>>> print(open('protein.cif').read())   # mmCIF, C-alpha atoms and all ligand atoms; chains and numbers go by the auth columns
data_final
#
loop_
_atom_site.group_PDB
_atom_site.id
_atom_site.type_symbol
_atom_site.label_atom_id
_atom_site.label_comp_id
_atom_site.label_asym_id
_atom_site.label_seq_id
_atom_site.Cartn_x
_atom_site.Cartn_y
_atom_site.Cartn_z
_atom_site.B_iso_or_equiv
_atom_site.auth_seq_id
_atom_site.auth_asym_id
ATOM 1 C CA MET A 1 -21.855 11.864 -13.705 0.00 1 H
ATOM 2 C CA VAL A 2 -23.154 14.518 -11.313 0.00 2 H
ATOM 3 C CA SER A 3 -26.916 14.751 -10.773 0.00 3 H
ATOM 4 C CA ASP A 4 -28.884 16.894 -8.323 0.00 4 H
ATOM 5 C CA ASP A 5 -28.662 13.997 -5.873 0.00 5 H
ATOM 6 C CA THR A 6 -24.881 13.656 -6.056 0.00 6 H
ATOM 7 C CA ALA A 7 -23.810 17.288 -6.652 0.00 7 H
ATOM 8 C CA PRO A 8 -21.401 18.470 -3.930 0.00 8 H
ATOM 9 C CA GLN A 9 -23.007 20.568 -1.186 0.00 9 H
ATOM 10 C CA TYR A 10 -19.988 22.543 -0.041 0.00 10 H
ATOM 11 C CA PRO A 11 -21.564 24.155 3.046 0.00 11 H
ATOM 12 C CA ARG A 12 -22.075 20.637 4.432 0.00 12 H
ATOM 13 C CA SER A 13 -18.953 18.948 3.044 0.00 13 H
ATOM 14 C CA ALA A 14 -15.581 17.885 4.358 0.00 14 H
ATOM 15 C CA LEU A 15 -12.642 16.941 2.140 0.00 15 H
ATOM 16 C CA ILE A 16 -10.628 13.782 2.749 0.00 16 H
ATOM 17 C CA THR A 17 -7.373 13.047 0.946 0.00 17 H
ATOM 18 C CA ILE A 18 -5.746 9.646 1.263 0.00 18 H
ATOM 19 C CA ASP A 19 -2.039 8.900 0.851 0.00 19 H
ATOM 20 C CA VAL A 20 -1.314 11.953 -1.316 0.00 20 H
ATOM 21 C CA GLN A 21 2.346 11.809 -0.315 0.00 21 H
ATOM 22 C CA ARG A 22 5.451 12.507 -2.361 0.00 22 H
ATOM 23 C CA ASP A 23 6.651 8.892 -2.473 0.00 23 H
ATOM 24 C CA PHE A 24 3.490 7.974 -4.430 0.00 24 H
ATOM 25 C CA LEU A 25 4.144 10.475 -7.238 0.00 25 H
ATOM 26 C CA ASP A 26 5.477 9.528 -10.689 0.00 26 H
ATOM 27 C CA GLY A 27 9.086 8.395 -10.636 0.00 27 H
ATOM 28 C CA GLN A 28 9.127 7.997 -6.851 0.00 28 H
ATOM 29 C CA PRO A 29 9.813 4.778 -4.931 0.00 29 H
ATOM 30 C CA PHE A 30 6.127 4.076 -4.276 0.00 30 H
ATOM 31 C CA GLU A 31 4.858 5.353 -7.640 0.00 31 H
ATOM 32 C CA ILE A 32 1.157 4.948 -8.236 0.00 32 H
ATOM 33 C CA ARG A 33 0.655 5.848 -11.865 0.00 33 H
ATOM 34 C CA GLY A 34 -1.608 8.785 -12.521 0.00 34 H
ATOM 35 C CA THR A 35 -1.143 10.372 -9.088 0.00 35 H
ATOM 36 C CA SER A 36 1.068 13.192 -10.389 0.00 36 H
ATOM 37 C CA ALA A 37 -1.479 14.047 -13.085 0.00 37 H
ATOM 38 C CA ALA A 38 -4.319 14.170 -10.543 0.00 38 H
ATOM 39 C CA VAL A 39 -2.526 16.180 -7.855 0.00 39 H
ATOM 40 C CA PRO A 40 -3.033 19.696 -9.357 0.00 40 H
ATOM 41 C CA ALA A 41 -6.819 19.181 -9.411 0.00 41 H
ATOM 42 C CA MET A 42 -6.677 17.907 -5.808 0.00 42 H
ATOM 43 C CA GLY A 43 -4.704 21.038 -4.922 0.00 43 H
ATOM 44 C CA ARG A 44 -7.428 23.262 -6.375 0.00 44 H
ATOM 45 C CA LEU A 45 -10.061 21.434 -4.346 0.00 45 H
ATOM 46 C CA VAL A 46 -7.976 21.727 -1.171 0.00 46 H
ATOM 47 C CA ARG A 47 -7.519 25.465 -1.705 0.00 47 H
ATOM 48 C CA PHE A 48 -11.243 25.903 -2.200 0.00 48 H
ATOM 49 C CA PHE A 49 -12.110 24.010 0.989 0.00 49 H
ATOM 50 C CA ARG A 50 -9.474 25.990 2.886 0.00 50 H
ATOM 51 C CA LEU A 51 -10.867 29.270 1.593 0.00 51 H
ATOM 52 C CA LYS A 52 -14.320 28.224 2.711 0.00 52 H
ATOM 53 C CA ALA A 53 -12.960 27.062 6.101 0.00 53 H
ATOM 54 C CA ARG A 54 -14.427 23.607 5.515 0.00 54 H
ATOM 55 C CA PRO A 55 -12.798 20.620 7.236 0.00 55 H
ATOM 56 C CA ILE A 56 -9.933 18.923 5.377 0.00 56 H
ATOM 57 C CA VAL A 57 -8.577 15.594 6.583 0.00 57 H
ATOM 58 C CA HIS A 58 -5.278 14.352 5.134 0.00 58 H
ATOM 59 C CA MET A 59 -4.899 10.658 5.833 0.00 59 H
ATOM 60 C CA VAL A 60 -1.262 9.643 5.487 0.00 60 H
ATOM 61 C CA ARG A 61 0.653 6.410 5.496 0.00 61 H
ATOM 62 C CA LEU A 62 3.788 6.437 7.642 0.00 62 H
ATOM 63 C CA TYR A 63 5.965 3.340 7.750 0.00 63 H
ATOM 64 C CA ARG A 64 8.510 2.573 10.441 0.00 64 H
ATOM 65 C CA ALA A 65 11.964 1.724 9.071 0.00 65 H
ATOM 66 C CA ASP A 66 11.929 -1.674 10.848 0.00 66 H
ATOM 67 C CA GLY A 67 8.794 -2.617 8.872 0.00 67 H
ATOM 68 C CA SER A 68 6.833 -3.316 12.061 0.00 68 H
ATOM 69 C CA ASN A 69 3.752 -1.311 11.007 0.00 69 H
ATOM 70 C CA VAL A 70 3.897 -2.139 7.270 0.00 70 H
ATOM 71 C CA GLU A 71 1.225 -4.327 5.639 0.00 71 H
ATOM 72 C CA PRO A 72 2.479 -7.900 5.133 0.00 72 H
ATOM 73 C CA CYS A 73 2.539 -7.562 1.313 0.00 73 H
ATOM 74 C CA ARG A 74 5.151 -4.765 1.472 0.00 74 H
ATOM 75 C CA ARG A 75 6.894 -5.510 4.754 0.00 75 H
ATOM 76 C CA HIS A 76 9.762 -7.476 3.192 0.00 76 H
ATOM 77 C CA MET A 77 10.557 -4.525 0.874 0.00 77 H
ATOM 78 C CA VAL A 78 10.886 -2.122 3.801 0.00 78 H
ATOM 79 C CA GLU A 79 12.836 -4.648 5.836 0.00 79 H
ATOM 80 C CA GLN A 80 15.218 -4.937 2.866 0.00 80 H
ATOM 81 C CA GLY A 81 15.756 -1.170 2.995 0.00 81 H
ATOM 82 C CA ALA A 82 13.143 0.219 0.585 0.00 82 H
ATOM 83 C CA GLN A 83 12.509 3.862 1.486 0.00 83 H
ATOM 84 C CA LEU A 84 8.724 3.975 1.391 0.00 84 H
ATOM 85 C CA VAL A 85 6.862 6.770 3.222 0.00 85 H
ATOM 86 C CA LEU A 86 9.253 6.434 6.134 0.00 86 H
ATOM 87 C CA LEU A 87 8.423 8.368 9.295 0.00 87 H
ATOM 88 C CA GLY A 88 9.957 11.807 9.121 0.00 88 H
ATOM 89 C CA SER A 89 11.241 11.388 5.530 0.00 89 H
ATOM 90 C CA VAL A 90 10.749 13.968 2.772 0.00 90 H
ATOM 91 C CA GLY A 91 8.869 11.358 0.723 0.00 91 H
ATOM 92 C CA SER A 92 6.299 10.907 3.492 0.00 92 H
ATOM 93 C CA GLN A 93 5.287 14.574 3.306 0.00 93 H
ATOM 94 C CA LEU A 94 2.161 15.688 1.476 0.00 94 H
ATOM 95 C CA ALA A 95 2.505 16.494 -2.234 0.00 95 H
ATOM 96 C CA ALA A 96 3.294 20.200 -2.668 0.00 96 H
ATOM 97 C CA PRO A 97 -0.028 21.339 -4.247 0.00 97 H
ATOM 98 C CA LEU A 98 -1.868 20.307 -1.065 0.00 98 H
ATOM 99 C CA LEU A 99 0.206 22.499 1.258 0.00 99 H
ATOM 100 C CA THR A 100 -0.634 25.944 2.607 0.00 100 H
ATOM 101 C CA THR A 101 3.000 27.035 2.062 0.00 101 H
ATOM 102 C CA PRO A 102 5.913 25.114 0.488 0.00 102 H
ATOM 103 C CA GLU A 103 7.505 24.874 3.965 0.00 103 H
ATOM 104 C CA THR A 104 4.516 23.210 5.598 0.00 104 H
ATOM 105 C CA THR A 105 5.381 19.788 6.976 0.00 105 H
ATOM 106 C CA LEU A 106 3.447 17.148 8.880 0.00 106 H
ATOM 107 C CA ASP A 107 3.514 18.108 12.514 0.00 107 H
ATOM 108 C CA ALA A 108 5.698 15.885 14.660 0.00 108 H
ATOM 109 C CA GLU A 109 2.783 15.413 17.011 0.00 109 H
ATOM 110 C CA PHE A 110 0.914 13.731 14.211 0.00 110 H
ATOM 111 C CA TYR A 111 3.282 10.859 13.793 0.00 111 H
ATOM 112 C CA GLY A 112 5.720 8.741 15.707 0.00 112 H
ATOM 113 C CA GLY A 113 3.387 5.758 15.496 0.00 113 H
ATOM 114 C CA LYS A 114 0.953 7.373 17.940 0.00 114 H
ATOM 115 C CA GLU A 115 -2.642 8.451 17.635 0.00 115 H
ATOM 116 C CA VAL A 116 -3.234 12.027 16.516 0.00 116 H
ATOM 117 C CA GLY A 117 -2.246 13.921 19.607 0.00 117 H
ATOM 118 C CA PRO A 118 -3.117 17.298 21.036 0.00 118 H
ATOM 119 C CA VAL A 119 -1.870 20.313 19.101 0.00 119 H
ATOM 120 C CA SER A 120 0.536 22.948 20.408 0.00 120 H
ATOM 121 C CA ARG A 121 -1.609 26.009 19.841 0.00 121 H
ATOM 122 C CA LEU A 122 -5.256 26.867 19.477 0.00 122 H
ATOM 123 C CA ALA A 123 -6.913 30.022 18.260 0.00 123 H
ATOM 124 C CA ILE A 124 -10.570 31.026 18.243 0.00 124 H
ATOM 125 C CA GLY A 125 -11.853 33.569 15.779 0.00 125 H
ATOM 126 C CA ARG A 126 -15.190 34.937 14.680 0.00 126 H
ATOM 127 C CA ASP A 127 -16.330 33.772 11.246 0.00 127 H
ATOM 128 C CA ASN A 128 -18.177 36.875 10.049 0.00 128 H
ATOM 129 C CA GLU A 129 -21.674 36.620 11.511 0.00 129 H
ATOM 130 C CA ARG A 130 -21.808 32.890 11.024 0.00 130 H
ATOM 131 C CA GLY A 131 -20.241 31.649 14.219 0.00 131 H
ATOM 132 C CA ALA A 132 -16.763 30.894 15.462 0.00 132 H
ATOM 133 C CA LEU A 133 -13.835 28.875 14.191 0.00 133 H
ATOM 134 C CA VAL A 134 -11.381 26.958 16.332 0.00 134 H
ATOM 135 C CA LEU A 135 -8.011 26.741 14.560 0.00 135 H
ATOM 136 C CA HIS A 136 -5.858 23.815 15.638 0.00 136 H
ATOM 137 C CA CYS A 137 -2.262 24.906 15.030 0.00 137 H
ATOM 138 C CA SER A 138 1.299 23.672 15.237 0.00 138 H
ATOM 139 C CA ARG A 139 3.965 25.417 17.322 0.00 139 H
ATOM 140 C CA THR A 140 4.613 27.778 14.399 0.00 140 H
ATOM 141 C CA TRP A 141 0.894 28.528 13.955 0.00 141 H
ATOM 142 C CA ASN A 142 0.480 26.382 10.837 0.00 142 H
ATOM 143 C CA VAL A 143 -3.216 25.589 10.741 0.00 143 H
ATOM 144 C CA LEU A 144 -3.629 21.813 11.000 0.00 144 H
ATOM 145 C CA GLY A 145 -7.371 21.670 11.364 0.00 145 H
ATOM 146 C CA ILE A 146 -10.400 23.935 11.647 0.00 146 H
ATOM 147 C CA ALA A 147 -13.649 23.319 13.503 0.00 147 H
ATOM 148 C CA ARG A 148 -16.697 25.535 13.143 0.00 148 H
ATOM 149 C CA HIS A 149 -19.004 26.244 16.082 0.00 149 H
ATOM 150 C CA ALA A 150 -22.181 28.232 16.639 0.00 150 H
ATOM 151 C CA GLY A 151 -20.376 30.928 18.612 0.00 151 H
ATOM 152 C CA ILE A 152 -17.350 31.803 20.721 0.00 152 H
ATOM 153 C CA LYS A 153 -18.925 30.395 23.889 0.00 153 H
ATOM 154 C CA GLU A 154 -19.639 27.042 22.246 0.00 154 H
ATOM 155 C CA ALA A 155 -16.130 26.977 20.722 0.00 155 H
ATOM 156 C CA LYS A 156 -14.549 27.493 24.149 0.00 156 H
ATOM 157 C CA ARG A 157 -16.772 24.847 25.705 0.00 157 H
ATOM 158 C CA ARG A 158 -15.734 22.288 23.077 0.00 158 H
ATOM 159 C CA ALA A 159 -12.047 23.192 23.399 0.00 159 H
ATOM 160 C CA GLU A 160 -12.270 22.834 27.194 0.00 160 H
ATOM 161 C CA ARG A 161 -13.634 19.307 26.722 0.00 161 H
ATOM 162 C CA ILE A 162 -10.561 18.310 24.693 0.00 162 H
ATOM 163 C CA TYR A 163 -8.086 20.345 26.765 0.00 163 H
ATOM 164 C CA PRO A 164 -9.306 20.440 30.376 0.00 164 H
ATOM 165 C CA GLY A 165 -8.237 23.611 32.175 0.00 165 H
ATOM 166 C CA LEU A 166 -7.878 25.583 28.960 0.00 166 H
ATOM 167 C CA SER A 167 -10.698 28.038 29.656 0.00 167 H
ATOM 168 C CA ALA A 168 -8.567 30.122 32.013 0.00 168 H
ATOM 169 C CA LYS A 169 -5.753 30.447 29.459 0.00 169 H
ATOM 170 C CA TRP A 170 -7.298 32.220 26.483 0.00 170 H
ATOM 171 C CA LEU A 171 -5.643 35.536 25.622 0.00 171 H
ATOM 172 C CA LYS A 172 -7.322 38.404 23.801 0.00 172 H
ATOM 173 C CA THR A 173 -5.455 39.416 20.651 0.00 173 H
ATOM 174 C CA GLY A 174 -6.880 42.922 20.719 0.00 174 H
ATOM 175 C CA VAL A 175 -7.661 42.800 16.976 0.00 175 H
ATOM 176 C CA SER A 176 -10.753 44.898 16.333 0.00 176 H
ATOM 177 C CA LYS A 177 -13.463 44.043 13.809 0.00 177 H
ATOM 178 C CA ARG A 178 -12.268 46.965 11.720 0.00 178 H
ATOM 179 C CA GLN A 179 -8.675 45.708 11.685 0.00 179 H
ATOM 180 C CA ALA A 180 -9.845 42.182 10.783 0.00 180 H
ATOM 181 C CA LYS A 181 -11.958 43.565 7.948 0.00 181 H
ATOM 182 C CA ALA A 182 -9.065 45.680 6.652 0.00 182 H
ATOM 183 C CA TYR A 183 -6.796 42.617 6.707 0.00 183 H
ATOM 184 C CA LEU A 184 -9.316 40.432 4.843 0.00 184 H
ATOM 185 C CA ASP A 185 -10.069 43.175 2.300 0.00 185 H
ATOM 186 C CA LYS A 186 -6.357 43.371 1.541 0.00 186 H
ATOM 187 C CA ALA A 187 -5.592 39.631 1.624 0.00 187 H
ATOM 188 C CA LEU A 188 -8.553 38.750 -0.609 0.00 188 H
ATOM 189 C CA LYS A 189 -8.351 41.783 -2.886 0.00 189 H
ATOM 190 C CA GLY A 190 -9.040 40.921 -6.508 0.00 190 H
ATOM 191 C CA VAL A 191 -10.969 37.712 -5.829 0.00 191 H
ATOM 192 C CA GLU A 192 -14.280 39.296 -4.793 0.00 192 H
ATOM 193 C CA CYS A 193 -17.531 38.574 -6.649 0.00 193 H
ATOM 194 C CA SER A 194 -17.445 40.721 -9.789 0.00 194 H
ATOM 195 C CA PHE A 195 -21.157 41.521 -9.356 0.00 195 H
ATOM 196 C CA CYS A 196 -21.740 42.269 -5.654 0.00 196 H
ATOM 197 C CA GLY A 197 -18.148 42.736 -4.449 0.00 197 H
ATOM 198 C CA LYS A 198 -18.425 40.232 -1.600 0.00 198 H
ATOM 199 C CA ARG A 199 -15.206 38.500 -0.495 0.00 199 H
ATOM 200 C CA PRO A 200 -14.949 34.691 -0.820 0.00 200 H
ATOM 201 C CA ASP A 201 -15.182 34.323 2.972 0.00 201 H
ATOM 202 C CA GLN A 202 -18.554 36.109 2.978 0.00 202 H
ATOM 203 C CA ILE A 203 -20.350 33.733 0.633 0.00 203 H
ATOM 204 C CA ASP A 204 -20.737 29.975 0.230 0.00 204 H
ATOM 205 C CA GLN A 205 -19.639 29.387 -3.351 0.00 205 H
ATOM 206 C CA MET A 206 -17.844 31.267 -6.085 0.00 206 H
ATOM 207 C CA VAL A 207 -17.516 30.377 -9.762 0.00 207 H
ATOM 208 C CA SER A 208 -14.792 32.013 -11.817 0.00 208 H
ATOM 209 C CA THR A 209 -13.953 32.238 -15.481 0.00 209 H
ATOM 210 C CA GLY A 210 -10.991 34.259 -16.695 0.00 210 H
ATOM 211 C CA ASN A 211 -10.895 37.418 -14.574 0.00 211 H
ATOM 212 C CA ALA A 212 -14.573 37.354 -13.673 0.00 212 H
ATOM 213 C CA ARG A 213 -16.113 35.738 -10.625 0.00 213 H
ATOM 214 C CA ILE A 214 -19.685 35.317 -9.490 0.00 214 H
ATOM 215 C CA CYS A 215 -21.015 34.177 -6.116 0.00 215 H
ATOM 216 C CA ASN A 216 -23.860 31.745 -5.476 0.00 216 H
ATOM 217 C CA VAL A 217 -26.187 34.558 -4.318 0.00 217 H
ATOM 218 C CA CYS A 218 -25.680 36.563 -7.537 0.00 218 H
ATOM 219 C CA VAL A 219 -26.139 33.423 -9.671 0.00 219 H
ATOM 220 C CA ARG A 220 -29.473 32.848 -7.923 0.00 220 H
ATOM 221 C CA ASP A 221 -30.570 36.508 -8.246 0.00 221 H
ATOM 222 C CA ILE A 222 -29.619 36.709 -11.910 0.00 222 H
ATOM 223 C CA ALA A 223 -31.310 33.407 -12.710 0.00 223 H
ATOM 224 C CA ALA A 224 -34.467 34.716 -11.004 0.00 224 H
ATOM 225 C CA MET A 225 -34.321 37.977 -12.989 0.00 225 H
ATOM 226 C CA MET A 226 -33.833 36.148 -16.269 0.00 226 H
ATOM 227 C CA SER A 227 -36.745 33.794 -15.668 0.00 227 H
ATOM 228 C CA ILE A 228 -39.005 36.816 -14.951 0.00 228 H
ATOM 229 C CA GLU A 229 -38.039 38.412 -18.257 0.00 229 H
HETATM 230 ZN ZN ZN B . -22.078 38.246 -5.757 0.00 301 X
#
>>> encode(input="protein.cif", output="structure tokens")
Amino acid sequence: MVSDDTAPQYPRSALITIDVQRDFLDGQPFEIRGTSAAVPAMGRLVRFFRLKARPIVHMVRLYRADGSNVEPCRRHMVEQGAQLVLLGSVGSQLAAPLLTTPETTLDAEFYGGKEVGPVSRLAIGRDNERGALVLHCSRTWNVLGIARHAGIKEAKRRAERIYPGLSAKWLKTGVSKRQAKAYLDKALKGVECSFCGKRPDQIDQMVSTGNARICNVCVRDIAAMMSIE
């Protein structure tokens, strides 16, 4: 049950998924019953967090074929040839509803039995008037992680700490505010707040029913108006 104390506070939340990999789905070698039924709801939550540029952490299990990093209770199965979330296998990939595009795969830098390593590409962008985002990307610019900072300067300072020497290498894209706005208006057309017309990236929360959507600011304003009347 959700009370005021436990209700999600999206502006301050991060989403963590654990082992939502294809081998755990119904009918797969590592089937955990009920996973397939729950995955569409997880996908909706992931899309919402992505839209709001909130952090999403996918924790995955990746077994080596020789069984050397498998928990003792399952090691014999893998040693005997069971194909369970093997490094680099299709079954080790995230379940489809969690992906940004159907082609998205775990980045090679994120496995191989090593710690999460540095990413191939980084981008910094302004997040409306609310600060700056650092996008951690793969070689093909798939976004693997997003960090929010107070401003561009702070974002560069933090990136320099992780990647020493990076400060001299940033390139300007030459995209103007007007071009960015035109792109967002087009990309998010049809999902604006039905009352004030704001895009989802301009507000904190949006509730939708059928074809109508309302943002958290309009909900508050309307509730205030109704309590006055
Ligand atoms: Zn609104």
>>> axis_aligned_box(input="protein.cif", around="region 223-228 of chain H", padding_each_side="3 Å", output="lines of an AutoDock Vina configuration file")
center_x = -35.2
center_y = 35.7
center_z = -13.6
size_x = 13.7
size_y = 10.6
size_z = 11.3
>>> resolve_selection(input="protein.cif", expression="the PyMOL selection byres (((chain H and resi 38) around 12) and not hetatm)", output="list of chain:residue names")
H:Thr17, H:Val20, H:Phe24, H:Leu25, H:Asp26, H:Ile32, H:Arg33, H:Gly34, H:Thr35, H:Ser36, H:Ala37, H:Val39, H:Pro40, H:Ala41, H:Met42, H:Gly43, H:Arg44, H:Leu45, H:Ala95, H:Pro97, H:Leu98
>>> residues_near_ligand(input="protein.cif", ligand="ligand ZN 301 (chain X)", cutoff="10 Å", atoms="all atoms listed in the file", output="VMD selection string")
chain H and resid 192 to 200 202 to 203 205 to 207 213 to 222
>>> write_last_selection(input="protein.cif", atoms="C-alpha atoms", output="PDB file, in the frame of the given file")
ATOM      1  CA  GLU H 192     -14.280  39.296  -4.793  1.00  0.00           C
ATOM      2  CA  CYS H 193     -17.531  38.574  -6.649  1.00  0.00           C
ATOM      3  CA  SER H 194     -17.445  40.721  -9.789  1.00  0.00           C
ATOM      4  CA  PHE H 195     -21.157  41.521  -9.356  1.00  0.00           C
ATOM      5  CA  CYS H 196     -21.740  42.269  -5.654  1.00  0.00           C
ATOM      6  CA  GLY H 197     -18.148  42.736  -4.449  1.00  0.00           C
ATOM      7  CA  LYS H 198     -18.425  40.232  -1.600  1.00  0.00           C
ATOM      8  CA  ARG H 199     -15.206  38.500  -0.495  1.00  0.00           C
ATOM      9  CA  PRO H 200     -14.949  34.691  -0.820  1.00  0.00           C
ATOM     10  CA  GLN H 202     -18.554  36.109   2.978  1.00  0.00           C
ATOM     11  CA  ILE H 203     -20.350  33.733   0.633  1.00  0.00           C
ATOM     12  CA  GLN H 205     -19.639  29.387  -3.351  1.00  0.00           C
ATOM     13  CA  MET H 206     -17.844  31.267  -6.085  1.00  0.00           C
ATOM     14  CA  VAL H 207     -17.516  30.377  -9.762  1.00  0.00           C
ATOM     15  CA  ARG H 213     -16.113  35.738 -10.625  1.00  0.00           C
ATOM     16  CA  ILE H 214     -19.685  35.317  -9.490  1.00  0.00           C
ATOM     17  CA  CYS H 215     -21.015  34.177  -6.116  1.00  0.00           C
ATOM     18  CA  ASN H 216     -23.860  31.745  -5.476  1.00  0.00           C
ATOM     19  CA  VAL H 217     -26.187  34.558  -4.318  1.00  0.00           C
ATOM     20  CA  CYS H 218     -25.680  36.563  -7.537  1.00  0.00           C
ATOM     21  CA  VAL H 219     -26.139  33.423  -9.671  1.00  0.00           C
ATOM     22  CA  ARG H 220     -29.473  32.848  -7.923  1.00  0.00           C
ATOM     23  CA  ASP H 221     -30.570  36.508  -8.246  1.00  0.00           C
ATOM     24  CA  ILE H 222     -29.619  36.709 -11.910  1.00  0.00           C
TER      25      ILE H 222
END
>>> resolve_selection(input="protein.cif", expression="the PyMOL selection byres (((chain H and resi 170) around 9) and not hetatm)", output="JSON, numbers by chain")
{"H": [123, 124, 156, 166, 167, 168, 169, 171, 172]}
>>> resolve_selection(input="protein.cif", expression="the PyMOL selection byres (((chain H and resi 23) around 10) and not hetatm)", output="ChimeraX atom specification")
/H:19-22,24-32,83-86,89-95
>>> residues_around(input="protein.cif", residues="Leu135 (chain H)", least_positions_apart="3", cutoff="12 Å", atoms="only C-alpha atoms", output="list in words")
Arg50, Ala53, Arg54, Pro55, Val119, Ser120, Arg121, Leu122, Ala123, Ile124, Gly125, Arg126, Asp127, Ala132, Ser138, Trp141, Asn142, Val143, Leu144, Gly145, Ile146, Ala147, Arg148, His149, Ala155, Lys156 and Ala159 of chain H
>>> atom_distance(input="protein.cif", atom1="CA of Glu160 (chain H)", atom2="CA of Lys181 (chain H)")
28.3 Å
>>> residues_near_point(input="protein.cif", point="(-12.9, 20.7, 3.5)", cutoff="8 Å", atoms="all atoms listed in the file", output="JSON list (two decimals) with C-alpha atoms, in the frame of the given file")
[["chain", "number", "residue", "atom", "x", "y", "z"],
["H", 13, "SER", "CA", -18.95, 18.95, 3.04],
["H", 14, "ALA", "CA", -15.58, 17.89, 4.36],
["H", 15, "LEU", "CA", -12.64, 16.94, 2.14],
["H", 16, "ILE", "CA", -10.63, 13.78, 2.75],
["H", 46, "VAL", "CA", -7.98, 21.73, -1.17],
["H", 48, "PHE", "CA", -11.24, 25.90, -2.20],
["H", 49, "PHE", "CA", -12.11, 24.01, 0.99],
["H", 50, "ARG", "CA", -9.47, 25.99, 2.89],
["H", 52, "LYS", "CA", -14.32, 28.22, 2.71],
["H", 53, "ALA", "CA", -12.96, 27.06, 6.10],
["H", 54, "ARG", "CA", -14.43, 23.61, 5.52],
["H", 55, "PRO", "CA", -12.80, 20.62, 7.24],
["H", 56, "ILE", "CA", -9.93, 18.92, 5.38],
["H", 57, "VAL", "CA", -8.58, 15.59, 6.58]]
>>> atom_distance(input="protein.cif", atom1="CA of Asp66 (chain H)", atom2="CA of Glu79 (chain H)")
5.9 Å
>>> atom_distance(input="protein.cif", atom1="CA of Glu154 (chain H)", atom2="CA of His136 (chain H)")
15.6 Å
>>> closest_residue(input="protein.cif", among="H:Pro11, H:Gly151, H:Gly174, H:Gly81", to="Arg64 (chain H)", atoms="all atoms listed in the file")
H:Gly81
>>> decode(input="protein.cif", residues="region 70-81 of chain H", atoms="N, CA, C and O atoms", output="PDB file, in the first residue's frame")
ATOM      1  N   VAL H  70      30.177 -18.414 -11.119  1.00  0.00           N
ATOM      2  CA  VAL H  70      28.785 -18.793 -10.837  1.00  0.00           C
ATOM      3  C   VAL H  70      28.668 -19.188  -9.365  1.00  0.00           C
ATOM      4  O   VAL H  70      29.581 -19.795  -8.804  1.00  0.00           O
ATOM      5  N   GLU H  71      27.516 -18.813  -8.724  1.00  0.00           N
ATOM      6  CA  GLU H  71      27.324 -19.201  -7.332  1.00  0.00           C
ATOM      7  C   GLU H  71      27.402 -20.724  -7.214  1.00  0.00           C
ATOM      8  O   GLU H  71      26.963 -21.436  -8.134  1.00  0.00           O
ATOM      9  N   PRO H  72      27.900 -21.213  -6.070  1.00  0.00           N
ATOM     10  CA  PRO H  72      28.096 -22.659  -5.903  1.00  0.00           C
ATOM     11  C   PRO H  72      26.844 -23.492  -6.204  1.00  0.00           C
ATOM     12  O   PRO H  72      26.939 -24.574  -6.778  1.00  0.00           O
ATOM     13  N   CYS H  73      25.634 -22.958  -5.858  1.00  0.00           N
ATOM     14  CA  CYS H  73      24.426 -23.766  -6.040  1.00  0.00           C
ATOM     15  C   CYS H  73      24.090 -24.002  -7.517  1.00  0.00           C
ATOM     16  O   CYS H  73      23.320 -24.904  -7.837  1.00  0.00           O
ATOM     17  N   ARG H  74      24.625 -23.211  -8.422  1.00  0.00           N
ATOM     18  CA  ARG H  74      24.324 -23.399  -9.852  1.00  0.00           C
ATOM     19  C   ARG H  74      25.556 -23.758 -10.669  1.00  0.00           C
ATOM     20  O   ARG H  74      25.451 -24.023 -11.856  1.00  0.00           O
ATOM     21  N   ARG H  75      26.722 -23.730 -10.020  1.00  0.00           N
ATOM     22  CA  ARG H  75      27.965 -23.892 -10.782  1.00  0.00           C
ATOM     23  C   ARG H  75      27.993 -25.208 -11.558  1.00  0.00           C
ATOM     24  O   ARG H  75      28.368 -25.245 -12.720  1.00  0.00           O
ATOM     25  N   HIS H  76      27.544 -26.295 -10.914  1.00  0.00           N
ATOM     26  CA  HIS H  76      27.623 -27.602 -11.589  1.00  0.00           C
ATOM     27  C   HIS H  76      26.792 -27.600 -12.875  1.00  0.00           C
ATOM     28  O   HIS H  76      27.178 -28.192 -13.860  1.00  0.00           O
ATOM     29  N   MET H  77      25.639 -26.871 -12.845  1.00  0.00           N
ATOM     30  CA  MET H  77      24.784 -26.832 -14.052  1.00  0.00           C
ATOM     31  C   MET H  77      25.532 -26.176 -15.214  1.00  0.00           C
ATOM     32  O   MET H  77      25.504 -26.656 -16.350  1.00  0.00           O
ATOM     33  N   VAL H  78      26.209 -25.075 -14.923  1.00  0.00           N
ATOM     34  CA  VAL H  78      26.931 -24.358 -15.981  1.00  0.00           C
ATOM     35  C   VAL H  78      28.131 -25.183 -16.445  1.00  0.00           C
ATOM     36  O   VAL H  78      28.419 -25.284 -17.641  1.00  0.00           O
ATOM     37  N   GLU H  79      28.791 -25.811 -15.483  1.00  0.00           N
ATOM     38  CA  GLU H  79      29.939 -26.652 -15.852  1.00  0.00           C
ATOM     39  C   GLU H  79      29.497 -27.803 -16.756  1.00  0.00           C
ATOM     40  O   GLU H  79      30.238 -28.246 -17.616  1.00  0.00           O
ATOM     41  N   GLN H  80      28.243 -28.267 -16.526  1.00  0.00           N
ATOM     42  CA  GLN H  80      27.710 -29.367 -17.351  1.00  0.00           C
ATOM     43  C   GLN H  80      27.184 -28.871 -18.697  1.00  0.00           C
ATOM     44  O   GLN H  80      26.653 -29.633 -19.479  1.00  0.00           O
ATOM     45  N   GLY H  81      27.277 -27.554 -18.930  1.00  0.00           N
ATOM     46  CA  GLY H  81      26.891 -27.028 -20.242  1.00  0.00           C
ATOM     47  C   GLY H  81      25.594 -26.249 -20.282  1.00  0.00           C
ATOM     48  O   GLY H  81      25.143 -25.867 -21.360  1.00  0.00           O
TER      49      GLY H  81
END
